[in-house]
Structure formats: C-alpha cells, structure tokens
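Undergrad: This one is input.cif, mmCIF, C-alpha atoms.
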data_structure
loop_
_atom_site.label_atom_id
_atom_site.label_comp_id
_atom_site.auth_asym_id
_atom_site.auth_seq_id
_atom_site.Cartn_x
_atom_site.Cartn_y
_atom_site.Cartn_z
CA MET T 1 -3.63 27.17 -4.38
CA ILE T 2 -1.53 24.05 -4.02
CA ASN T 3 -3.53 21.16 -2.65
CA PRO T 4 -1.57 19.85 0.36
CA ASN T 5 -2.81 16.35 -0.45
CA SER T 6 -1.54 16.32 -4.00
CA ILE T 7 1.71 14.75 -5.17
CA PRO T 8 3.33 16.19 -8.31
CA ILE T 9 3.04 14.16 -11.51
CA LEU T 10 5.64 14.94 -14.17
CA LYS T 11 5.30 14.14 -17.85
CA LEU T 12 8.40 12.99 -19.72
CA LYS T 13 7.76 12.13 -23.38
CA GLU T 14 5.12 9.40 -23.36
CA PHE T 15 5.52 8.60 -19.66
CA LEU T 16 4.44 10.07 -16.36
CA ILE T 17 6.72 10.10 -13.33
CA VAL T 18 5.51 10.26 -9.75
CA SER T 19 7.78 10.29 -6.73
CA ILE T 20 6.10 9.85 -3.36
CA GLN T 21 8.25 11.76 -0.90
CA THR T 22 5.94 11.85 2.06
CA ASP T 23 4.25 9.40 4.39
CA LEU T 24 0.99 8.72 2.58
CA HIS T 25 -2.21 8.98 4.52
CA ASP T 26 -5.28 7.31 3.10
CA ARG T 27 -6.90 10.35 1.56
CA MET T 28 -3.62 11.28 -0.10
CA ALA T 29 -3.33 7.81 -1.63
CA GLU T 30 -6.86 8.11 -3.00
CA GLN T 31 -6.14 11.59 -4.34
CA LEU T 32 -2.98 10.29 -6.04
CA GLN T 33 -4.95 7.48 -7.70
CA HIS T 34 -7.44 9.99 -9.02
CA ASP T 35 -4.73 12.39 -10.22
CA ILE T 36 -2.72 9.69 -12.00
CA LEU T 37 -5.76 8.41 -13.89
CA ARG T 38 -6.79 11.93 -14.85
CA ARG T 39 -3.29 12.74 -16.15
CA VAL T 40 -3.08 9.45 -18.06
CA SER T 41 -6.34 10.30 -19.74
CA GLU T 42 -5.33 13.92 -20.47
CA THR T 43 -1.86 13.14 -21.81
CA SER T 44 -2.47 9.69 -23.35
CA ALA T 45 0.63 8.59 -21.45
CA LYS T 46 1.66 5.01 -22.20
CA GLY T 47 3.34 4.37 -18.90
CA VAL T 48 3.61 5.63 -15.33
CA LEU T 49 6.62 5.25 -13.06
CA ILE T 50 5.77 5.49 -9.38
CA ASP T 51 8.82 5.87 -7.17
CA ILE T 52 8.15 4.67 -3.62
CA SER T 53 11.77 4.64 -2.44
CA ALA T 54 10.96 7.17 0.27
CA LEU T 55 8.00 5.16 1.62
CA GLU T 56 8.97 3.57 4.92
CA MET T 57 5.97 1.30 4.98
CA VAL T 58 3.20 0.13 2.69
CA ASP T 59 0.20 -1.17 4.57
CA SER T 60 -2.82 -2.96 3.14
CA PHE T 61 -4.62 0.27 2.24
CA ILE T 62 -1.71 1.84 0.37
CA GLY T 63 -0.85 -1.49 -1.26
CA ARG T 64 -4.41 -2.04 -2.43
CA THR T 65 -4.68 1.52 -3.71
CA LEU T 66 -1.47 1.13 -5.73
CA ALA T 67 -2.61 -2.21 -7.16
CA ASP T 68 -6.05 -0.81 -8.04
CA THR T 69 -4.46 2.22 -9.70
CA ALA T 70 -2.31 -0.06 -11.85
CA ARG T 71 -5.35 -2.07 -12.95
CA MET T 72 -7.34 1.06 -13.72
CA ALA T 73 -4.45 2.63 -15.65
CA SER T 74 -4.10 -0.54 -17.69
CA ILE T 75 -7.73 -0.17 -18.78
CA LEU T 76 -6.73 3.31 -19.97
CA ASP T 77 -3.88 1.68 -21.92
CA ALA T 78 -1.09 2.85 -19.63
CA GLU T 79 1.25 0.55 -17.80
CA ILE T 80 2.29 1.29 -14.24
CA VAL T 81 5.68 0.29 -12.86
CA ILE T 82 6.35 0.72 -9.16
CA VAL T 83 10.01 1.39 -8.50
CA GLY T 84 12.35 1.61 -5.54
CA MET T 85 10.50 -0.41 -2.92
CA LYS T 86 12.66 -0.79 0.19
CA PRO T 87 13.57 -4.40 1.07
CA ALA T 88 11.99 -4.06 4.53
CA VAL T 89 8.75 -2.93 2.88
CA ALA T 90 8.77 -5.91 0.50
CA ILE T 91 9.34 -8.34 3.41
CA THR T 92 6.52 -6.79 5.43
CA LEU T 93 4.09 -6.79 2.49
CA VAL T 94 4.60 -10.50 1.92
CA GLU T 95 4.27 -11.36 5.62
CA LEU T 96 1.15 -9.25 5.84
CA GLY T 97 -0.26 -11.46 3.10
CA LEU T 98 -0.79 -8.65 0.65
CA SER T 99 -0.23 -9.30 -3.00
CA LEU T 100 0.23 -6.36 -5.33
CA GLY T 101 -1.56 -8.38 -8.01
CA GLU T 102 -0.06 -8.04 -11.43
CA VAL T 103 1.63 -4.74 -10.75
CA ARG T 104 5.05 -4.57 -12.35
CA THR T 105 7.92 -3.53 -10.14
CA ALA T 106 11.51 -2.52 -10.76
CA LEU T 107 14.42 -1.90 -8.44
CA ASN T 108 14.95 1.69 -9.49
CA LEU T 109 13.83 4.43 -11.84
CA ASP T 110 16.38 3.45 -14.53
CA GLU T 111 15.15 -0.13 -14.69
CA GLY T 112 11.52 0.90 -14.54
CA TYR T 113 12.07 3.29 -17.43
CA GLU T 114 13.75 0.55 -19.50
CA MET T 115 10.88 -1.80 -18.70
CA LEU T 116 8.33 0.73 -19.97
CA GLN T 117 10.34 1.49 -23.10
CA LYS T 118 10.61 -2.20 -23.93
CA SER T 119 6.89 -2.78 -23.60
CA LEU T 120 6.21 0.37 -25.61
CA ALA T 121 8.58 -0.86 -28.36
CA LEU T 122 6.78 -4.22 -28.38
CA THR T 123 3.41 -2.55 -28.72
CA ASP T 124 4.74 -0.36 -31.55
CA MET T 125 6.07 -3.41 -33.38
CA GLU T 126 2.72 -5.15 -33.08
CA GLY T 127 1.08 -2.00 -34.37
CA GLU T 128 3.43 -1.87 -37.36
CA GLU T 129 2.82 -5.50 -38.20
CA THR T 130 -0.88 -4.91 -38.22
CA SER T 131 -0.58 -1.89 -40.46
CA GLU T 132 1.75 -3.78 -42.82
CA GLU T 133 -0.76 -6.59 -43.04
CA ALA T 134 -3.46 -4.09 -43.70
CA LEU T 135 -1.37 -2.52 -46.45
CA ALA T 136 -0.67 -5.92 -47.97
CA GLU T 137 -4.36 -6.69 -47.94
CA GLU T 138 -5.12 -3.39 -49.57
CA ALA T 139 -2.50 -4.13 -52.21
CA SER T 140 -4.00 -7.52 -52.97
CA ASP T 141 -7.42 -5.90 -53.19
CA ASP T 142 -5.96 -3.55 -55.78
CA ASP T 143 -4.47 -6.53 -57.63
CA SER T 144 -7.75 -8.35 -57.80
CA ARG T 145 -9.39 -5.24 -59.14
CA ASP T 146 -6.95 -5.03 -62.02
CA MET O 1 3.98 5.49 27.39
CA THR O 2 3.08 7.31 24.19
CA ILE O 3 -0.62 7.88 23.61
CA VAL O 4 -2.08 8.71 20.23
CA GLU O 5 -5.77 9.43 20.01
CA ILE O 6 -7.46 8.18 16.88
CA LYS O 7 -10.15 10.58 15.78
CA GLU O 8 -9.39 11.36 12.17
CA GLU O 9 -7.69 9.63 9.34
CA SER O 10 -4.38 11.46 9.70
CA ASP O 11 -4.10 10.05 13.24
CA ILE O 12 -3.34 6.67 11.64
CA VAL O 13 -0.15 8.20 10.24
CA ARG O 14 0.68 9.73 13.64
CA ALA O 15 0.18 6.38 15.37
CA ARG O 16 2.48 4.47 13.04
CA ALA O 17 5.13 7.20 13.15
CA ALA O 18 5.05 7.18 16.96
CA ALA O 19 5.33 3.38 17.04
CA LYS O 20 8.29 3.46 14.69
CA GLU O 21 10.01 6.03 16.87
CA VAL O 22 9.56 3.92 20.01
CA ALA O 23 10.66 0.79 18.11
CA ALA O 24 13.88 2.53 17.10
CA VAL O 25 14.56 3.60 20.69
CA VAL O 26 13.93 0.05 21.95
CA GLY O 27 16.59 -1.13 19.51
CA PHE O 28 14.69 -2.89 16.73
CA GLY O 29 16.33 -3.18 13.33
CA LEU O 30 14.86 -1.59 10.25
CA VAL O 31 12.83 -4.61 9.11
CA ASP O 32 11.22 -5.01 12.54
CA GLN O 33 10.55 -1.26 12.73
CA THR O 34 8.73 -1.59 9.41
CA ARG O 35 6.79 -4.65 10.63
CA ILE O 36 5.75 -2.79 13.78
CA SER O 37 4.71 0.44 12.08
CA THR O 38 2.75 -1.53 9.47
CA ALA O 39 0.92 -3.56 12.14
CA VAL O 40 0.10 -0.35 14.02
CA SER O 41 -1.17 1.25 10.82
CA GLU O 42 -3.51 -1.68 10.15
CA LEU O 43 -4.95 -1.77 13.68
CA ALA O 44 -5.24 2.02 14.01
CA ARG O 45 -7.15 2.05 10.73
CA ASN O 46 -9.50 -0.63 12.07
CA ILE O 47 -10.30 1.67 15.00
CA PHE O 48 -10.93 4.61 12.69
CA MET O 49 -13.04 2.65 10.22
CA TYR O 50 -15.10 0.45 12.48
CA ALA O 51 -15.22 2.19 15.84
CA GLY O 52 -14.86 5.79 14.65
CA GLU O 53 -12.48 6.71 17.42
CA GLY O 54 -10.23 5.25 20.04
CA GLU O 55 -6.73 5.28 21.41
CA VAL O 56 -3.34 3.77 20.67
CA ARG O 57 -0.90 3.35 23.58
CA ILE O 58 2.69 2.47 22.87
CA GLU O 59 5.18 1.37 25.50
CA GLU O 60 8.60 -0.19 25.92
CA ILE O 61 8.64 -3.48 27.80
CA ASN O 62 11.31 -5.60 29.46
CA VAL O 63 9.12 -8.57 30.45
CA PRO O 64 8.86 -11.25 29.13
CA GLN O 65 11.55 -9.82 26.89
CA ARG O 66 12.77 -6.43 25.85
CA GLY O 67 10.44 -5.12 23.20
CA ILE O 68 7.41 -3.01 22.39
CA ARG O 69 3.77 -3.38 23.39
CA VAL O 70 0.95 -1.49 21.73
CA TYR O 71 -2.66 -1.31 22.93
CA PHE O 72 -5.54 -0.40 20.64
CA LEU O 73 -8.62 0.60 22.57
CA ASP O 74 -12.03 1.49 21.26
CA GLN O 75 -15.65 1.47 22.29
CA GLY O 76 -16.93 0.37 18.92
CA PRO O 77 -19.16 -2.49 17.84
CA GLY O 78 -16.74 -5.25 18.85
CA ILE O 79 -15.72 -8.31 16.86
CA GLN O 80 -18.39 -10.94 16.45
CA ASP O 81 -16.16 -14.00 16.13
CA VAL O 82 -12.54 -13.50 17.11
CA ASP O 83 -11.44 -17.00 16.06
CA LEU O 84 -12.91 -16.44 12.65
CA ALA O 85 -11.33 -12.99 12.42
CA LEU O 86 -7.94 -14.54 13.07
CA MET O 87 -8.32 -16.99 10.22
CA ASP O 88 -6.67 -16.21 6.92
CA GLY O 89 -9.10 -15.45 4.17
CA TRP O 90 -11.40 -13.63 6.52
CA SER O 91 -9.35 -10.51 5.87
CA THR O 92 -11.22 -9.87 2.64
CA SER O 93 -14.48 -9.26 4.40
CA ASN O 94 -15.51 -5.86 5.63
CA SER O 95 -15.53 -6.23 9.34
CA MET O 96 -13.91 -5.03 12.49
CA GLY O 97 -11.39 -7.88 12.52
CA LYS O 98 -10.05 -7.03 9.11
CA GLY O 99 -6.40 -7.82 8.47
CA LEU O 100 -5.78 -9.53 11.83
CA PRO O 101 -4.07 -12.67 10.46
CA GLY O 102 -1.51 -10.52 8.64
CA VAL O 103 -0.86 -8.43 11.74
CA LYS O 104 -0.39 -11.59 13.78
CA ARG O 105 2.32 -12.77 11.40
CA LEU O 106 4.18 -9.46 11.75
CA MET O 107 4.19 -9.54 15.55
CA ASP O 108 5.20 -11.99 18.30
CA ARG O 109 1.99 -11.69 20.29
CA LEU O 110 -1.53 -10.58 19.50
CA GLU O 111 -4.40 -10.70 21.95
CA ILE O 112 -7.94 -9.52 21.55
CA GLN O 113 -10.55 -8.73 24.14
CA THR O 114 -13.85 -7.79 22.64
CA GLU O 115 -17.45 -7.48 23.63
CA LEU O 116 -20.22 -6.91 21.15
CA GLY O 117 -21.57 -3.40 21.49
CA SER O 118 -19.05 -2.20 24.02
CA GLY O 119 -15.67 -2.28 22.34
CA THR O 120 -12.42 -3.97 21.58
CA THR O 121 -8.93 -3.98 23.03
CA VAL O 122 -6.15 -5.40 20.90
CA VAL O 123 -2.68 -5.87 22.37
CA ILE O 124 0.36 -6.59 20.22
CA GLU O 125 3.95 -7.22 21.23
CA LYS O 126 7.21 -7.65 19.47
CA TRP O 127 10.42 -8.72 21.17
CA VAL O 128 13.97 -7.77 20.30
CA ARG O 129 15.99 -10.75 19.13
CA ASP O 130 19.32 -11.14 20.90
#
Before anything else, please render the file you have as structure tokens.
TA:
Amino acid sequence: MINPNSIPILKLKEFLIVSIQTDLHDRMAEQLQHDILRRVSETSAKGVLIDISALEMVDSFIGRTLADTARMASILDAEIVIVGMKPAVAITLVELGLSLGEVRTALNLDEGYEMLQKSLALTDMEGEETSEEALAEEASDDDSRD
Amino acid sequence: MTIVEIKEESDIVRARAAAKEVAAVVGFGLVDQTRISTAVSELARNIFMYAGEGEVRIEEINVPQRGIRVYFLDQGPGIQDVDLALMDGWSTSNSMGKGLPGVKRLMDRLEIQTELGSGTTVVIEKWVRD
C-alpha cells in the first residue's frame, strides 16, 4: 500500500531526486527526512536534490527539518542541494529569522545538478590524488627494497 | 469569519491554507500572502504543541486599514513572560511563546493576552499597502 505521507524519491546515477509537490505537514516532513536518509544509506548516493518549487511556504518546522536532513545526510557522505525556492518563500524565511544553516541551494534543478556534479568531481580528484600518492609511496618502497 | 479548529497536526495546514485564501481575497500580493500563511502556521503550531487544541479565526478588516486579522485562541498553560517571549533569541527555547519575534516581523500588529493556567489569545493583523 502506498503511504499517503510518503514523497517519491528517485535515483538517477549517483544522485537522488525528490520533488515536493504537496503542502507539507509536519509528520510528512519528518517522514521525508527519514526516507531520504534511508535511501542515501541504501544506495550510497553522493547527492540529493530536493525540489521545493511547489512549496508555497516554508515555516520554521519545515525549514529546520530540511536543514537537519542536510546535516544528517552530510554525515552519511551525501550532499543535499535544495532547489527552486520561490522568492516570496526566501523573503519570508529571512524575515522570520530562520537560517537554513549550511544547506546549499540552487535556483533550479539544472543548477543544483551541476553543483552536485562539480563537488563530486572535486571529491573524485582528491581521491585520485591520494591513490596516486599511495602508489608512488608503494613504488618507492619497492625501490628501497631493491 | 473563517474558523479552523486546531485538534490535530494536519489542522495546522488547514489553518494556513485558509489564511492564504482570505489574504488573496483581501487583495494581498504573493509575498504578503506567504508572510501571512507562514505566521499562521507558526502560531497554529504553537497551539497544537503547547495547548493541545484551540481555534484559529480569520477575518477581513477595514479598520484601521483594509487587511486581515487572525485570532489564535487556546486554553493551554499560557505564556509565563510575554516580554521575554517577544525578544529575539528566546525563540530557541521550548516554550509556548516560541517563534513570536519572527511572527511579529512578518505582521503589522501582534498582541498577546495570556494568563498562566487558563490560556492564551494571540491576535495578528496585516494591512494592505496602498
């Protein structure tokens, strides 16, 4: 049976995509947080795009839940980018005094996707450097043995 | 007057949707509609979390200016120190007055009547700019 509180989470390559198309009530926001973290863990996704372009308001509860989810996902080594926030929502969030913390945001899905790909490429490069260094070290070990 | 009873969590969504609808009828622009529905969401949640149940009443007004007025009524524990609750920084604590400074910034008027042990009435107003 489809859980009426659950929002679909799609996997695309190494990323997850979530589009919130309904007015979120609190329990739904909590359920979404739980579902995203579970899927990140199951799929080893490196990034999550959350599209909130259909959300007509983000109050302190929803804002906090999104920010918490991003922090939790980052501990699981996945980066969250929130995309498509309406200008009126951004204005209201700031006036309300709510900060989304270090959550990354992008204007739309395209830009959010690019953002994730760039940070993934950076991480890969760092990974390669480390493995090259490791190889070089191994090689020098071999040399010293000769 | 639109009345939304707050008894369960999904009533918070109903309250903010109703407020937005009235705000649109009154003639508020999109940003103000968002400010109003967000303020209503915050205060309706306060009722649900700290008083358990209560009522939200939404009405159009023409005095002192054309706009919207929303009452939040509950018979919960009340707010211990209203002045303190209205100070920024207080919003992080877990109490009945949570989030009030933010709500005040979103609206043109915010008034609180509260009595410990017998309940709280919060009134907010926003006026249409000419």
Undergrad: Could you check which of T:Val103, T:Ile80, T:Val94, T:Leu16 is closest to chain O, using only C-alpha atoms?
TA: T:Val94
Undergrad: Residues of chain O within 12 Å of chain T: nearest atom pair and distance (Å, one decimal) for each, counting all atoms listed in the file, sorted by chain and number, as a tab-separated table?
TA:
residue	atom	partner	partner_atom	distance
O:Glu8	CA	T:Asp26	CA	10.7
O:Glu9	CA	T:Asp26	CA	7.1
O:Ser10	CA	T:His25	CA	6.1
O:Asp11	CA	T:His25	CA	9.0
O:Ile12	CA	T:His25	CA	7.6
O:Val13	CA	T:His25	CA	6.1
O:Arg14	CA	T:His25	CA	9.6
O:Ala15	CA	T:His25	CA	11.4
O:Arg16	CA	T:Met57	CA	9.3
O:Ala17	CA	T:Asp23	CA	9.1
O:Lys20	CA	T:Glu56	CA	9.8
O:Gly29	CA	T:Ala88	CA	9.9
O:Leu30	CA	T:Ala88	CA	6.9
O:Val31	CA	T:Ala88	CA	4.7
O:Asp32	CA	T:Ala88	CA	8.1
O:Gln33	CA	T:Ala88	CA	8.8
O:Thr34	CA	T:Met57	CA	6.0
O:Arg35	CA	T:Thr92	CA	5.6
O:Ile36	CA	T:Thr92	CA	9.3
O:Ser37	CA	T:Met57	CA	7.3
O:Thr38	CA	T:Asp59	CA	5.5
O:Ala39	CA	T:Asp59	CA	8.0
O:Val40	CA	T:Asp59	CA	9.5
O:Ser41	CA	T:Asp59	CA	6.8
O:Glu42	CA	T:Asp59	CA	6.7
O:Leu43	CA	T:Asp59	CA	10.5
O:Ala44	CA	T:Asp59	CA	11.4
O:Arg45	CA	T:Phe61	CA	9.0
O:Asn46	CA	T:Phe61	CA	11.0
O:Phe48	CA	T:Asp26	CA	11.5
O:Met49	CA	T:Asp26	CA	11.5
O:Asp88	CA	T:Gly97	CA	8.8
O:Gly89	CA	T:Gly97	CA	9.8
O:Trp90	CA	T:Gly97	CA	11.9
O:Ser91	CA	T:Gly97	CA	9.6
O:Thr92	CA	T:Leu98	CA	10.7
O:Lys98	CA	T:Ser60	CA	10.2
O:Gly99	CA	T:Ser60	CA	8.1
O:Leu100	CA	T:Leu96	CA	9.2
O:Pro101	CA	T:Leu96	CA	7.8
O:Gly102	CA	T:Leu96	CA	4.1
O:Val103	CA	T:Leu96	CA	6.3
O:Lys104	CA	T:Leu96	CA	8.4
O:Arg105	CA	T:Glu95	CA	6.3
O:Leu106	CA	T:Glu95	CA	6.4
O:Met107	CA	T:Glu95	CA	10.1
Undergrad: Would you kindly return, as a ChimeraX atom specification, each protein, DNA or RNA residue with an atom no farther than 7 Å from any atom of segment 55-63 of chain O, considering all atoms listed in the file and excluding same-chain residues fewer than 2 positions away?
TA: /O:1-6,15,19,26,65-74
Undergrad: Take the selection from the previous step and output its residues with C-alpha atoms, as a PDB file, keeping the file's coordinate frame.
TA:
ATOM      1  CA  MET O   1       3.980   5.490  27.390  1.00  0.00           C
ATOM      2  CA  THR O   2       3.080   7.310  24.190  1.00  0.00           C
ATOM      3  CA  ILE O   3      -0.620   7.880  23.610  1.00  0.00           C
ATOM      4  CA  VAL O   4      -2.080   8.710  20.230  1.00  0.00           C
ATOM      5  CA  GLU O   5      -5.770   9.430  20.010  1.00  0.00           C
ATOM      6  CA  ILE O   6      -7.460   8.180  16.880  1.00  0.00           C
ATOM      7  CA  ALA O  15       0.180   6.380  15.370  1.00  0.00           C
ATOM      8  CA  ALA O  19       5.330   3.380  17.040  1.00  0.00           C
ATOM      9  CA  VAL O  26      13.930   0.050  21.950  1.00  0.00           C
ATOM     10  CA  GLN O  65      11.550  -9.820  26.890  1.00  0.00           C
ATOM     11  CA  ARG O  66      12.770  -6.430  25.850  1.00  0.00           C
ATOM     12  CA  GLY O  67      10.440  -5.120  23.200  1.00  0.00           C
ATOM     13  CA  ILE O  68       7.410  -3.010  22.390  1.00  0.00           C
ATOM     14  CA  ARG O  69       3.770  -3.380  23.390  1.00  0.00           C
ATOM     15  CA  VAL O  70       0.950  -1.490  21.730  1.00  0.00           C
ATOM     16  CA  TYR O  71      -2.660  -1.310  22.930  1.00  0.00           C
ATOM     17  CA  PHE O  72      -5.540  -0.400  20.640  1.00  0.00           C
ATOM     18  CA  LEU O  73      -8.620   0.600  22.570  1.00  0.00           C
ATOM     19  CA  ASP O  74     -12.030   1.490  21.260  1.00  0.00           C
TER      20      ASP O  74
END
Undergrad: Using atom CA of Ile52 of chain T and atom CA of Lys7 of chain O as the two end points, give the distance in Å to one decimal.
TA: 27.3 Å
Undergrad: Can you give me, as a ChimeraX atom specification, the residues this file yields under the PyMOL selection byres ((chain T and resi 109-120) around 8)?
TA: /T:46-47,49,51,79,81-84,105-108,121-124
Undergrad: Using only C-alpha atoms, please write the residues we just selected to a file, as a PDB file, in the coordinates of the input.
TA:
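Contents of result-v4.pdb, freshly written:
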ATOM      1  CA  LYS T  46       1.660   5.010 -22.200  1.00  0.00           C
ATOM      2  CA  GLY T  47       3.340   4.370 -18.900  1.00  0.00           C
ATOM      3  CA  LEU T  49       6.620   5.250 -13.060  1.00  0.00           C
ATOM      4  CA  ASP T  51       8.820   5.870  -7.170  1.00  0.00           C
ATOM      5  CA  GLU T  79       1.250   0.550 -17.800  1.00  0.00           C
ATOM      6  CA  VAL T  81       5.680   0.290 -12.860  1.00  0.00           C
ATOM      7  CA  ILE T  82       6.350   0.720  -9.160  1.00  0.00           C
ATOM      8  CA  VAL T  83      10.010   1.390  -8.500  1.00  0.00           C
ATOM      9  CA  GLY T  84      12.350   1.610  -5.540  1.00  0.00           C
ATOM     10  CA  THR T 105       7.920  -3.530 -10.140  1.00  0.00           C
ATOM     11  CA  ALA T 106      11.510  -2.520 -10.760  1.00  0.00           C
ATOM     12  CA  LEU T 107      14.420  -1.900  -8.440  1.00  0.00           C
ATOM     13  CA  ASN T 108      14.950   1.690  -9.490  1.00  0.00           C
ATOM     14  CA  ALA T 121       8.580  -0.860 -28.360  1.00  0.00           C
ATOM     15  CA  LEU T 122       6.780  -4.220 -28.380  1.00  0.00           C
ATOM     16  CA  THR T 123       3.410  -2.550 -28.720  1.00  0.00           C
ATOM     17  CA  ASP T 124       4.740  -0.360 -31.550  1.00  0.00           C
TER      18      ASP T 124
END
Undergrad: Report, in Å with one decimal, the straight-line distance from atom CA of Gly119 of chain O to atom CA of Val82 of chain O.
TA: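 Computing it gives 12.8 Å between the two atoms.
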Undergrad: Just give me the gap between atom CA of Phe28 of chain O and atom CA of Val128 of chain O in Å, one decimal is fine.
TA: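 Those two atoms sit 6.1 Å apart.
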Undergrad: When you look at Gly76 of chain O with a cut-off of 7 Å (counting only C-alpha atoms), what residues show up, excluding the ones that are within fewer than 5 positions of it in the same chain? I need them as a list in words.
TA: Tyr50, Ala51, Gly117, Ser118, Gly119 and Thr120 of chain O
Undergrad: Running the PyMOL selection byres ((chain T and resi 10) around 12) on this model by hand, what would come out? Give it as a ChimeraX atom specification.
TA: /T:7-9,11-20,35-36,39-40,43,45,47-51
